[in-house]
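Chemist: So I've got this file, query.cif, and it contains mmCIF, C-alpha atoms and all ligand atoms:
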```
data_model
#
loop_
_atom_site.label_atom_id
_atom_site.label_comp_id
_atom_site.auth_asym_id
_atom_site.auth_seq_id
_atom_site.Cartn_x
_atom_site.Cartn_y
_atom_site.Cartn_z
CA MET E 1 14.23 -14.90 10.78
CA SER E 2 10.77 -14.48 9.46
CA ASP E 3 9.90 -12.18 6.60
CA ARG E 4 8.69 -8.74 7.54
CA LEU E 5 6.31 -6.17 6.17
CA HIS E 6 7.11 -2.52 6.95
CA PHE E 7 4.31 0.03 6.68
CA LEU E 8 6.22 3.01 5.30
CA GLY E 9 3.13 5.09 4.71
CA THR E 10 -0.52 4.53 5.57
CA GLY E 11 -2.10 7.77 4.32
CA ASP E 12 -4.47 8.54 1.50
CA ALA E 13 -3.52 10.56 -1.58
CA LEU E 14 -3.15 13.81 0.40
CA GLY E 15 -1.36 12.38 3.42
CA VAL E 16 -2.12 13.43 7.00
CA PRO E 17 -2.02 16.27 7.95
CA ARG E 18 -3.51 17.68 4.76
CA VAL E 19 -1.75 20.92 3.86
CA TYR E 20 -4.93 23.01 3.94
CA CYS E 21 -6.67 21.39 6.88
CA ASP E 22 -7.11 22.33 10.55
CA CYS E 23 -9.44 19.49 11.56
CA ALA E 24 -8.87 17.69 14.89
CA VAL E 25 -7.00 14.78 13.26
CA CYS E 26 -4.73 17.00 11.14
CA THR E 27 -4.04 19.19 14.21
CA GLU E 28 -3.12 16.13 16.29
CA ALA E 29 -0.93 14.86 13.44
CA ARG E 30 0.99 18.16 13.49
CA ARG E 31 1.36 18.24 17.28
CA SER E 32 2.07 14.69 18.46
CA GLY E 33 2.11 12.73 15.25
CA LEU E 34 -0.05 9.75 16.20
CA ASN E 35 -2.12 10.32 13.07
CA ARG E 36 0.74 11.55 10.85
CA ARG E 37 0.58 9.49 7.65
CA ARG E 38 2.86 9.47 4.66
CA ARG E 39 1.41 8.35 1.35
CA SER E 40 0.77 4.59 1.27
CA SER E 41 3.65 2.24 0.62
CA VAL E 42 5.02 -0.96 2.18
CA ALA E 43 8.43 -2.62 2.13
CA LEU E 44 8.67 -6.40 1.99
CA GLU E 45 11.83 -7.72 3.64
CA ALA E 46 12.68 -11.36 2.90
CA ASP E 47 15.57 -13.53 1.80
CA GLY E 48 18.02 -10.83 2.88
CA SER E 49 16.56 -8.32 0.40
CA LEU E 50 13.90 -5.72 0.34
CA LEU E 51 11.43 -4.30 -2.16
CA PHE E 52 8.92 -1.46 -2.01
CA ILE E 53 5.35 -1.67 -3.18
CA ASP E 54 4.67 1.77 -4.60
CA CYS E 55 6.96 4.74 -4.59
CA GLY E 56 4.94 7.80 -3.69
CA PRO E 57 5.93 11.42 -3.08
CA ASP E 58 7.11 10.52 0.47
CA PHE E 59 9.67 8.04 -0.93
CA ARG E 60 12.69 9.99 0.38
CA SER E 61 11.55 10.08 4.00
CA GLN E 62 10.45 6.43 3.73
CA MET E 63 13.97 5.45 2.64
CA GLU E 64 15.38 7.41 5.59
CA SER E 65 12.95 5.75 8.02
CA LEU E 66 14.53 2.38 7.12
CA ASP E 67 18.03 3.89 6.95
CA LEU E 68 18.29 2.67 3.34
CA ARG E 69 20.64 4.11 0.72
CA TRP E 70 19.54 2.02 -2.23
CA LEU E 71 16.47 0.22 -3.53
CA ASP E 72 16.72 -2.49 -6.21
CA THR E 73 13.09 -3.22 -6.85
CA VAL E 74 9.79 -1.40 -6.74
CA LEU E 75 6.38 -2.89 -7.55
CA ILE E 76 3.72 -0.43 -8.66
CA THR E 77 -0.03 -0.80 -8.09
CA HIS E 78 -1.15 2.00 -10.41
CA ALA E 79 0.01 5.26 -11.94
CA HIS E 80 -1.51 7.76 -9.52
CA HIS E 81 0.68 10.48 -8.05
CA ASP E 82 0.42 9.17 -4.48
CA HIS E 83 1.83 5.80 -5.67
CA ILE E 84 4.48 6.85 -8.23
CA GLY E 85 5.41 10.44 -7.33
CA GLY E 86 8.74 9.29 -5.82
CA LEU E 87 10.01 7.55 -8.97
CA PRO E 88 11.76 10.73 -10.23
CA ASP E 89 13.64 10.91 -6.88
CA LEU E 90 14.63 7.25 -7.26
CA ALA E 91 15.80 8.00 -10.82
CA ASP E 92 17.94 10.91 -9.62
CA ALA E 93 19.53 8.70 -6.96
CA ALA E 94 20.09 5.97 -9.58
CA ARG E 95 22.08 8.35 -11.78
CA TRP E 96 24.42 9.15 -8.88
CA VAL E 97 24.78 5.51 -7.81
CA GLY E 98 25.27 4.34 -11.40
CA LYS E 99 22.78 1.47 -11.13
CA HIS E 100 19.30 0.92 -12.54
CA PRO E 101 16.49 -0.05 -10.15
CA ARG E 102 13.80 -2.41 -11.47
CA VAL E 103 10.30 -1.00 -11.60
CA VAL E 104 7.89 -3.94 -11.91
CA ALA E 105 4.32 -3.15 -12.93
CA PRO E 106 1.39 -4.65 -14.82
CA ALA E 107 1.84 -4.04 -18.58
CA PRO E 108 -0.85 -1.32 -18.92
CA VAL E 109 0.65 0.71 -16.06
CA ILE E 110 4.13 1.15 -17.56
CA PRO E 111 3.14 3.46 -20.44
CA GLU E 112 1.05 5.51 -18.01
CA ILE E 113 4.10 6.05 -15.79
CA VAL E 114 6.36 6.86 -18.73
CA ALA E 115 3.79 9.31 -20.14
CA ARG E 116 4.03 11.26 -16.88
CA TYR E 117 7.82 11.05 -16.52
CA PRO E 118 9.29 10.46 -20.01
CA TRP E 119 12.90 10.57 -18.74
CA LEU E 120 12.60 7.67 -16.28
CA PRO E 121 13.51 4.80 -18.67
CA ARG E 122 17.00 6.32 -18.99
CA SER E 123 17.77 5.38 -15.38
CA GLN E 124 15.16 2.78 -14.40
CA ASP E 125 14.44 -0.63 -15.95
CA PHE E 126 10.71 -1.08 -16.42
CA VAL E 127 9.75 -4.76 -16.16
CA GLU E 128 6.29 -6.03 -17.08
CA TRP E 129 4.75 -8.39 -14.57
CA THR E 130 4.22 -11.91 -15.97
CA PRO E 131 2.65 -14.99 -14.32
CA GLU E 132 6.22 -16.23 -13.78
CA THR E 133 7.21 -13.18 -11.73
CA ALA E 134 8.82 -14.29 -8.47
CA LEU E 135 10.71 -12.03 -6.07
CA LEU E 136 12.25 -12.52 -2.61
CA GLY E 137 11.03 -16.11 -2.54
CA TYR E 138 7.42 -15.23 -3.34
CA GLN E 139 5.38 -16.15 -6.39
CA ILE E 140 3.63 -12.91 -7.32
CA HIS E 141 0.23 -12.55 -8.91
CA THR E 142 -1.43 -9.27 -9.87
CA TRP E 143 -4.86 -8.38 -11.25
CA GLU E 144 -6.87 -5.29 -12.04
CA VAL E 145 -9.30 -3.98 -9.43
CA CYS E 146 -12.01 -1.30 -9.51
CA HIS E 147 -10.75 2.04 -8.16
CA GLY E 148 -14.21 3.66 -8.43
CA LYS E 149 -14.34 7.14 -9.87
CA ASN E 150 -10.52 7.20 -10.06
CA GLY E 151 -10.39 4.37 -12.62
CA ARG E 152 -8.43 1.20 -12.02
CA SER E 153 -5.67 -0.12 -9.82
CA TRP E 154 -3.99 -3.50 -9.35
CA ALA E 155 -3.83 -5.82 -6.34
CA TYR E 156 -0.83 -8.03 -5.58
CA ARG E 157 -0.87 -11.53 -4.09
CA PHE E 158 2.39 -12.91 -2.64
CA GLU E 159 2.66 -16.65 -2.07
CA ARG E 160 5.37 -18.76 -0.58
CA PRO E 161 5.06 -22.11 1.18
CA GLY E 162 3.37 -21.43 4.50
CA PHE E 163 2.35 -17.80 3.94
CA THR E 164 0.17 -15.86 1.51
CA TRP E 165 -0.62 -12.18 1.70
CA VAL E 166 -2.39 -9.61 -0.46
CA TYR E 167 -1.82 -5.87 -0.88
CA CYS E 168 -4.71 -3.82 -2.27
CA PRO E 169 -4.53 -0.15 -1.20
CA ASP E 170 -6.86 1.48 -3.74
CA SER E 171 -10.12 -0.28 -4.50
CA ILE E 172 -13.86 -0.19 -3.97
CA ARG E 173 -16.97 -2.13 -5.05
CA LEU E 174 -15.00 -5.25 -5.98
CA ALA E 175 -16.92 -7.82 -8.00
CA GLU E 176 -16.43 -11.53 -7.35
CA PRO E 177 -13.67 -12.02 -9.99
CA GLU E 178 -11.79 -9.18 -8.29
CA TRP E 179 -12.05 -10.45 -4.69
CA GLN E 180 -11.86 -14.16 -5.44
CA PRO E 181 -8.02 -14.09 -5.85
CA MET E 182 -7.78 -12.61 -2.33
CA GLN E 183 -9.23 -15.76 -0.76
CA GLY E 184 -7.07 -18.01 1.39
CA ALA E 185 -4.74 -15.18 2.44
CA ASP E 186 -3.08 -15.23 5.83
CA LEU E 187 -2.99 -11.44 5.64
CA LEU E 188 -4.97 -8.93 3.59
CA VAL E 189 -3.76 -5.32 3.55
CA LEU E 190 -6.67 -3.26 2.27
CA GLY E 191 -7.18 0.45 1.71
CA THR E 192 -10.01 2.11 3.68
CA ALA E 193 -10.08 5.91 3.56
CA TYR E 194 -12.67 6.49 6.32
CA TYR E 195 -14.56 4.54 8.97
CA LYS E 196 -17.89 5.43 7.37
CA GLU E 197 -18.41 7.77 4.44
CA ASP E 198 -21.70 9.53 3.77
CA ALA E 199 -21.12 10.00 0.04
CA PRO E 200 -22.55 7.12 -2.05
CA ALA E 201 -20.07 4.40 -3.01
CA LEU E 202 -20.50 5.22 -6.71
CA SER E 203 -19.03 8.69 -6.15
CA ARG E 204 -15.93 7.40 -4.32
CA SER E 205 -12.69 5.58 -5.11
CA VAL E 206 -11.63 3.67 -1.95
CA TYR E 207 -13.54 1.50 0.53
CA ASP E 208 -14.61 2.72 3.94
CA MET E 209 -14.15 0.34 6.88
CA ASN E 210 -17.82 -0.62 6.99
CA GLU E 211 -17.83 -1.68 3.35
CA ALA E 212 -14.47 -3.38 3.85
CA LEU E 213 -15.92 -5.56 6.62
CA ASP E 214 -18.52 -6.81 4.12
CA LEU E 215 -15.68 -7.66 1.75
CA LEU E 216 -13.77 -9.44 4.52
CA ALA E 217 -16.84 -11.60 5.20
CA LEU E 218 -16.49 -12.89 1.62
CA VAL E 219 -12.69 -13.12 1.43
CA LYS E 220 -12.14 -14.47 4.98
CA PRO E 221 -8.47 -13.60 5.47
CA ARG E 222 -6.87 -14.90 8.65
CA ARG E 223 -5.91 -11.33 9.47
CA ALA E 224 -6.68 -7.95 7.84
CA VAL E 225 -4.95 -4.60 8.20
CA PHE E 226 -6.47 -1.34 6.94
CA THR E 227 -4.24 1.28 5.29
CA HIS E 228 -4.54 4.26 2.85
CA LEU E 229 -6.27 6.17 5.66
CA SER E 230 -7.43 9.76 5.34
CA HIS E 231 -7.75 12.46 8.02
CA GLY E 232 -11.18 10.91 8.64
CA VAL E 233 -9.51 8.12 10.64
CA ASP E 234 -8.33 8.96 14.16
CA ARG E 235 -6.06 6.52 16.01
CA ARG E 236 -7.41 7.83 19.31
CA GLU E 237 -10.82 6.47 18.32
CA ALA E 238 -11.89 2.91 19.29
CA TYR E 239 -13.47 1.70 16.04
CA PRO E 240 -15.66 -1.37 16.48
CA LEU E 241 -13.65 -3.89 14.46
CA PRO E 242 -13.44 -7.65 14.89
CA PRO E 243 -10.27 -8.88 16.65
CA HIS E 244 -8.61 -10.11 13.44
CA VAL E 245 -8.86 -6.63 11.88
CA THR E 246 -6.53 -3.77 12.81
CA VAL E 247 -5.76 -0.27 11.56
CA ALA E 248 -2.20 0.32 10.33
CA HIS E 249 0.04 3.24 11.21
CA ASP E 250 3.29 4.53 9.78
CA GLY E 251 6.16 2.47 11.19
CA LEU E 252 4.10 -0.65 11.86
CA VAL E 253 6.10 -3.84 11.18
CA LEU E 254 4.42 -7.24 10.80
CA ASN E 255 6.14 -10.60 10.85
CA LEU E 256 4.93 -12.69 7.94
CA SER E 257 4.81 -16.16 9.37
CA GLY E 258 2.35 -19.00 9.40
CA ALA E 259 2.27 -19.12 13.19
CA PRO E 260 -0.57 -17.13 14.73
CA GLU E 261 0.65 -13.76 15.90
CA PRO E 262 -0.45 -12.17 19.14
CA MET E 263 -3.20 -9.79 18.05
CA ALA E 264 -3.11 -6.18 19.12
CA SER E 265 -6.24 -5.10 20.97
CA ALA E 266 -8.80 -4.32 18.29
CA PRO E 267 -8.57 -0.53 17.86
CA ALA E 268 -5.16 1.00 17.29
CA SER E 269 -5.85 3.18 20.29
CA MET E 270 -2.93 4.60 22.21
CA GLY E 271 -5.09 5.48 25.24
ZN ZN R 301 -3.89 5.95 -3.53
ZN ZN R 302 -5.25 5.77 -6.69
#
```
Before anything else, please render the file you have as structure tokens.
Ligand SMILES: [Zn+2]
Ligand SMILES: [Zn+2]

Modeler:
Amino acid sequence: MSDRLHFLGTGDALGVPRVYCDCAVCTEARRSGLNRRRRSSVALEADGSLLFIDCGPDFRSQMESLDLRWLDTVLITHAHHDHIGGLPDLADAARWVGKHPRVVAPAPVIPEIVARYPWLPRSQDFVEWTPETALLGYQIHTWEVCHGKNGRSWAYRFERPGFTWVYCPDSIRLAEPEWQPMQGADLLVLGTAYYKEDAPALSRSVYDMNEALDLLALVKPRRAVFTHLSHGVDRREAYPLPPHVTVAHDGLVLNLSGAPEPMASAPASMG
């Protein structure tokens, strides 16, 4: 069976619907749920095991959506609330189960997490990423990426014979040394908060889809999937995207295999 990538959450930092918001997308998300988005996280399933990338405040419902009772390993992209806010819930579960999950992160991220939640190391094992880090049959590489006005984040590249994919939910204005390691990927999962934002790029923290298409022209992934979507993205909308680019939604599952996959029709429209 081929490895699989589960999109557990595809929302931006506030999720969709936003608690305060009555816009058309948030209203639809409340009523029918097409645009309902938990905070961004994916689960990689391979080799009979599973790991999460990021553990945001929707961690509990994401565990339930996969009918999981335990999680061994979490990789963290950066220490923002929407990516680590579920770690205290995981720690509480760990105390009851009597096991320690591994929280793997780039070295600079670990003290940032512990500064926010000083009790976590009592029930979670923090493991610094090293160039030798390999999990679920994948060699794993990580590097710092520009997160605009919100500082910095890290991207992850997963390589095994026959398939390479990259996860980069929070980035913008990447310089060549930051996008170069994305090249040659069969799949790039990239954060894009809106289709097109009016605010200048320097005032923002995540790509919009238009800017992301410029990045894709440089990186040339075989396939790209946009995630970390705000209430500015409406799945009922037919965004003009090339056929190898699609918009993710909560519950999407991709098979990670070298064989070309049948491509969904370009927009994630349910019409
Ligand atoms: Zn984020
Ligand atoms: Zn962030």

Chemist: Just give me the gap between CA of Cys23 (chain E) and CA of Lys149 (chain E) in Å, one decimal is fine.

Modeler: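 Computed distance, CA of Cys23 (chain E) to CA of Lys149 (chain E), equals 25.2 Å.
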
Chemist: Counting only C-alpha atoms and all ligand atoms, name the residues that have an atom within 7 Å of an atom of ligand ZN 301 (chain R); the answer should be given as an MDAnalysis selection string.

Modeler: chainID E and resid 12:13 40 80 82:83 169:170 228

Chemist: Extract, using all atoms listed in the file, all DNA, RNA and protein residues at most 8 Å from region 195-209 of chain E, discarding same-chain residues fewer than 4 positions from it, and format them as a tab-separated table (two decimals) with C-alpha atoms, keeping the file's coordinate frame.

Modeler:
```
chain	number	residue	atom	x	y	z
E	147	HIS	CA	-10.75	2.04	-8.16
E	148	GLY	CA	-14.21	3.66	-8.43
E	149	LYS	CA	-14.34	7.14	-9.87
E	150	ASN	CA	-10.52	7.20	-10.06
E	151	GLY	CA	-10.39	4.37	-12.62
E	170	ASP	CA	-6.86	1.48	-3.74
E	171	SER	CA	-10.12	-0.28	-4.50
E	172	ILE	CA	-13.86	-0.19	-3.97
E	173	ARG	CA	-16.97	-2.13	-5.05
E	191	GLY	CA	-7.18	0.45	1.71
E	213	LEU	CA	-15.92	-5.56	6.62
E	226	PHE	CA	-6.47	-1.34	6.94
E	232	GLY	CA	-11.18	10.91	8.64
E	233	VAL	CA	-9.51	8.12	10.64
E	239	TYR	CA	-13.47	1.70	16.04
```

Chemist: Between CA of Trp70 (chain E) and CA of Arg102 (chain E), what is the distance, to one decimal in Å?

Modeler: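 So the answer is 11.7 Å.
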
Chemist: Taking into account all atoms listed in the file, which residue in the set E:Cys146, E:Val97, E:Leu50, E:Ile140 is nearest to ligand ZN 302 (chain R)?

Modeler: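 Under the stated criterion, the closest residue is E:Cys146.
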
Chemist: Quick one: everything within 8 Å of region 177-185 of chain E, counting all atoms listed in the file, minus sequence neighbours fewer than 4 positions away in the same chain. Send it as a compact mmCIF listing (two decimals) with C-alpha atoms, keeping the file's coordinate frame.

Modeler:
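Saved the output as part-v9.txt:
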```txt
# COMPACT_ATOMS: atom_id res chain seq x y z
CA TRP E 143 -4.86 -8.38 -11.25
CA GLU E 144 -6.87 -5.29 -12.04
CA VAL E 145 -9.30 -3.98 -9.43
CA CYS E 146 -12.01 -1.30 -9.51
CA ARG E 157 -0.87 -11.53 -4.09
CA PHE E 163 2.35 -17.80 3.94
CA THR E 164 0.17 -15.86 1.51
CA TRP E 165 -0.62 -12.18 1.70
CA VAL E 166 -2.39 -9.61 -0.46
CA LEU E 215 -15.68 -7.66 1.75
CA VAL E 219 -12.69 -13.12 1.43
CA LYS E 220 -12.14 -14.47 4.98
CA PRO E 221 -8.47 -13.60 5.47
CA ARG E 222 -6.87 -14.90 8.65
```

Chemist: Which residue is closest to ligand ZN 302 (chain R)? Choose from E:His249, E:Arg30, E:Arg223, E:His81 and count all atoms listed in the file.

Modeler: E:His81

Chemist: Smallest atom-to-atom distance to ligand ZN 302 (chain R): which of E:Gly56, E:Pro88, E:Pro243, E:Gly9, using only C-alpha atoms and all ligand atoms?

Modeler: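 Closest to ligand ZN 302 (chain R), using only C-alpha atoms and all ligand atoms: E:Gly56.
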
Chemist: Just the residues within 10 Å of Val103 (chain E), please, counting all atoms listed in the file, with nothing from its chain fewer than 5 positions along; format it as an MDAnalysis selection string.

Modeler: chainID E and resid 52:55 72:76 87 110 121 124:129

Chemist: Of the residues E:Leu14, E:Ala105, E:Leu8, E:Met63, which is the one nearest to Ser230 (chain E), using all atoms listed in the file?

Modeler: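 Counting all atoms listed in the file, the residue closest to Ser230 (chain E) is E:Leu14.
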
Chemist: Counting all atoms listed in the file, which residue out of E:Val189, E:Ala79, E:Ile113, E:Val253 sits closest to ligand ZN 302 (chain R)?

Modeler: E:Ala79

Chemist: Using all atoms listed in the file, find the one residue out of E:Ser41, E:Thr192, E:Thr27, E:Ser61 that sits nearest to Phe7 (chain E).

Modeler: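 That would be E:Ser41, the residue with the smallest distance to Phe7 (chain E).
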
Chemist: What does the distance from CA of Ala248 (chain E) to CA of Leu34 (chain E) come to in Å, to one decimal?

Modeler: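 Here the two named atoms are 11.3 Å from each other.
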
Chemist: Compile the contact shell of Arg95 (chain E) as a list in words: residues with an atom at most 12 Å away, counting only C-alpha atoms, same-chain residues fewer than 2 positions apart removed.

Modeler: Trp70, Pro88, Asp89, Leu90, Ala91, Asp92, Ala93, Val97, Gly98, Lys99, His100, Pro101, Trp119, Leu120, Pro121, Arg122, Ser123 and Gln124 of chain E
